[in-house]
Amino acid sequence: MAAPSPDDPSLERHFKGHRDAVTSVDFSLNTKQLASGSMDSCLMIWHMKPQSRAYRFTGHKDAVTCVNFSPSGHLLASGSRDKTVRIWVPNVKGESTVFRAHTATVRSVHWCSDGQSLVTASDDKTVKVWSTHRQRFLFSLSQHINWVRCAKFSPDGRLIVSASDDKTVKLWDKTSRECVHSYCEHGGFVTYVDFHPSGTCIAAAGMDNTVKVWDVRTHRLLQHYQLHSAAVNALSFHPSGSYLITASSDSTLKILDLMEGRLLYTLHGHQEVMA
């Protein structure tokens with residue numbers, strides 16, 4: 001086996017502080033802070049500088065399912081099994097504003113690139129858009145017929161993509177509030193979806209162990225990966241758009257080279273899998 005090169009992925013930091021399973025993580029844009037949500041109903045803000053103290057935020061009444069920093073990094077959104085969305089100021093005080101409109105667990109929160117609006121997905125089968133500036137609910141997108149696990153804005157903020165337990169990925173026009181297209185090729189629940197940094201394609205992860213990449217202009221399936229041996233729970237594009245990282249219940253992370261359509265690395269490091 002070849003010796004590892006300096007560019008190979010390696011474990012950099014290990015944070016410990018949650019009292020139950022960690023459900024979600026997100027870096028601030030400057031990567032100086034890392035937010036995490038947990039089944040322990042708390043959020044933690046970790047500082048990448050060694051020996052810096054972490055902040056613990058309490059307020060949610062049940063498990064925190066998702067966290068996302070605003071584009072500026074000055075605010076942090078979270079969703080919970082308590083059916084609420086909270087907007088936090090990520091400093092030592094940890095003050096938050098509560099948004100209520102969902103009638104079931106909130107699975108996903110994502111800021112628009114303008115920092116003015118938020119899209120959320122819930123077990124109440126809806127996707128909701130909020131004005132964070134005015135602190136109010138704007139509208140619902142409700143064509144899914146099962147839990148919605150994830151919803152994201154496109155990089156330009158004009159489109160929204162959502163992934164659901166109804167085995168579909170839906171593409172929405174934010175202005176008209178219409179469903180532009182439904183992608184129905186998954187063989188199981190769709191757990192996660194994200195836009196490529198260029199905004200031209202989306203990647204979706206599924207309980208059927210697959211990752212699929214579609215072109216949002218032609219709606220053509222571009223790539224199909226079946227590399228994990230269990231459900232794929234999350235994925236993320238590299239800012240360059242050349243790589244995709246996937247996380248699975250098989251306890252591995254995989255890094256895919258999108259240009260060549262092949263697996264680059266498999267990362268091990270987690271022992272237990274959350275049910």
# chains A, B, ... in the order shown; residues from 1 in each chain; ligands from 1
$ closest_atom_pairs --of "stretch 186-235 of chain A" --to "stretch 154-169 of chain A" --cutoff "12 Å" --atoms "only C-alpha atoms" --output "tab-separated table"
residue	atom	partner	partner_atom	distance
A:His186	CA	A:Lys167	CA	5.8
A:Gly187	CA	A:Lys167	CA	6.8
A:Gly188	CA	A:Lys167	CA	5.4
A:Phe189	CA	A:Asp165	CA	4.2
A:Val190	CA	A:Ser164	CA	5.3
A:Thr191	CA	A:Ala163	CA	6.3
A:Tyr192	CA	A:Ala163	CA	6.0
A:Val193	CA	A:Ala163	CA	6.1
A:Asp194	CA	A:Val161	CA	7.5
A:Phe195	CA	A:Ser154	CA	5.9
A:His196	CA	A:Pro155	CA	8.2
A:Pro197	CA	A:Pro155	CA	6.4
A:Ser198	CA	A:Pro155	CA	7.2
A:Gly199	CA	A:Pro155	CA	5.7
A:Thr200	CA	A:Ser154	CA	8.9
A:Cys201	CA	A:Ser154	CA	9.5
A:Ile202	CA	A:Val161	CA	8.2
A:Ala203	CA	A:Val169	CA	9.8
A:Ala204	CA	A:Ala163	CA	7.6
A:Ala205	CA	A:Ala163	CA	8.8
A:Gly206	CA	A:Lys167	CA	8.4
A:Met207	CA	A:Asp165	CA	9.2
A:Asp208	CA	A:Lys167	CA	9.9
A:Lys212	CA	A:Val169	CA	10.6
A:Val213	CA	A:Val169	CA	11.2
A:Trp214	CA	A:Val169	CA	10.3
A:Val216	CA	A:Leu159	CA	9.8
A:Arg217	CA	A:Leu159	CA	11.5
A:His219	CA	A:Val169	CA	11.2
A:Asn233	CA	A:Ala163	CA	11.6
A:Ala234	CA	A:Ala163	CA	11.3
$ select_by_dssp --residues "stretch 7-250 of chain A" --states "strand (DSSP E or B)" --output "ChimeraX atom specification"
/A:22-27,33-38,43-47,55-57,64-69,76-80,84-88,96-100,106-111,117-122,127-131,136-141,148-153,159-164,169-173,179-183,190-195,201-206,211-215,221-225,232-237,243-248
$ residues_around --residues "stretch 86-98 of chain A" --least-positions-apart "3" --cutoff "10 Å" --atoms "only C-alpha atoms" --output "short mmCIF file (atom, residue, chain, number, x, y, z; two decimals) with C-alpha atoms, in the first residue's frame"
data_model
loop_
_atom_site.label_atom_id
_atom_site.label_comp_id
_atom_site.auth_asym_id
_atom_site.auth_seq_id
_atom_site.Cartn_x
_atom_site.Cartn_y
_atom_site.Cartn_z
CA GLN A 33 -16.56 28.14 14.57
CA ALA A 35 -21.94 24.39 15.47
CA LEU A 43 -26.52 23.27 20.57
CA MET A 44 -22.77 23.60 21.00
CA ILE A 45 -20.49 26.16 19.36
CA ARG A 53 -14.04 27.32 25.48
CA ALA A 54 -17.13 25.90 23.77
CA TYR A 55 -20.56 27.50 24.21
CA ARG A 56 -23.58 25.39 25.14
CA PHE A 57 -26.98 26.82 24.10
CA THR A 58 -30.21 25.64 25.71
CA GLY A 59 -33.75 26.61 24.70
CA HIS A 60 -35.17 23.80 22.60
CA VAL A 67 -28.09 23.66 12.54
CA ASN A 68 -26.97 26.18 9.91
CA PHE A 69 -24.88 29.37 10.14
CA SER A 70 -26.06 32.46 8.28
CA GLY A 73 -21.71 33.91 10.47
CA HIS A 74 -23.43 36.39 12.82
CA LEU A 75 -26.53 34.21 13.30
CA LEU A 76 -27.22 30.50 13.65
CA ALA A 77 -30.50 28.73 12.84
CA SER A 78 -31.62 25.47 14.42
CA GLY A 79 -34.61 23.15 14.09
CA SER A 80 -35.94 20.70 16.63
CA VAL A 109 -32.89 24.63 8.25
CA THR A 132 -35.43 36.32 9.18
CA GLN A 135 -38.94 37.48 11.90
CA ARG A 136 -42.04 36.03 10.29
#
$ closest_residue --among "A:Ala151, A:Ala247, A:Ala101, A:Ala121" --to "A:Phe137" --atoms "only C-alpha atoms"
A:Ala101
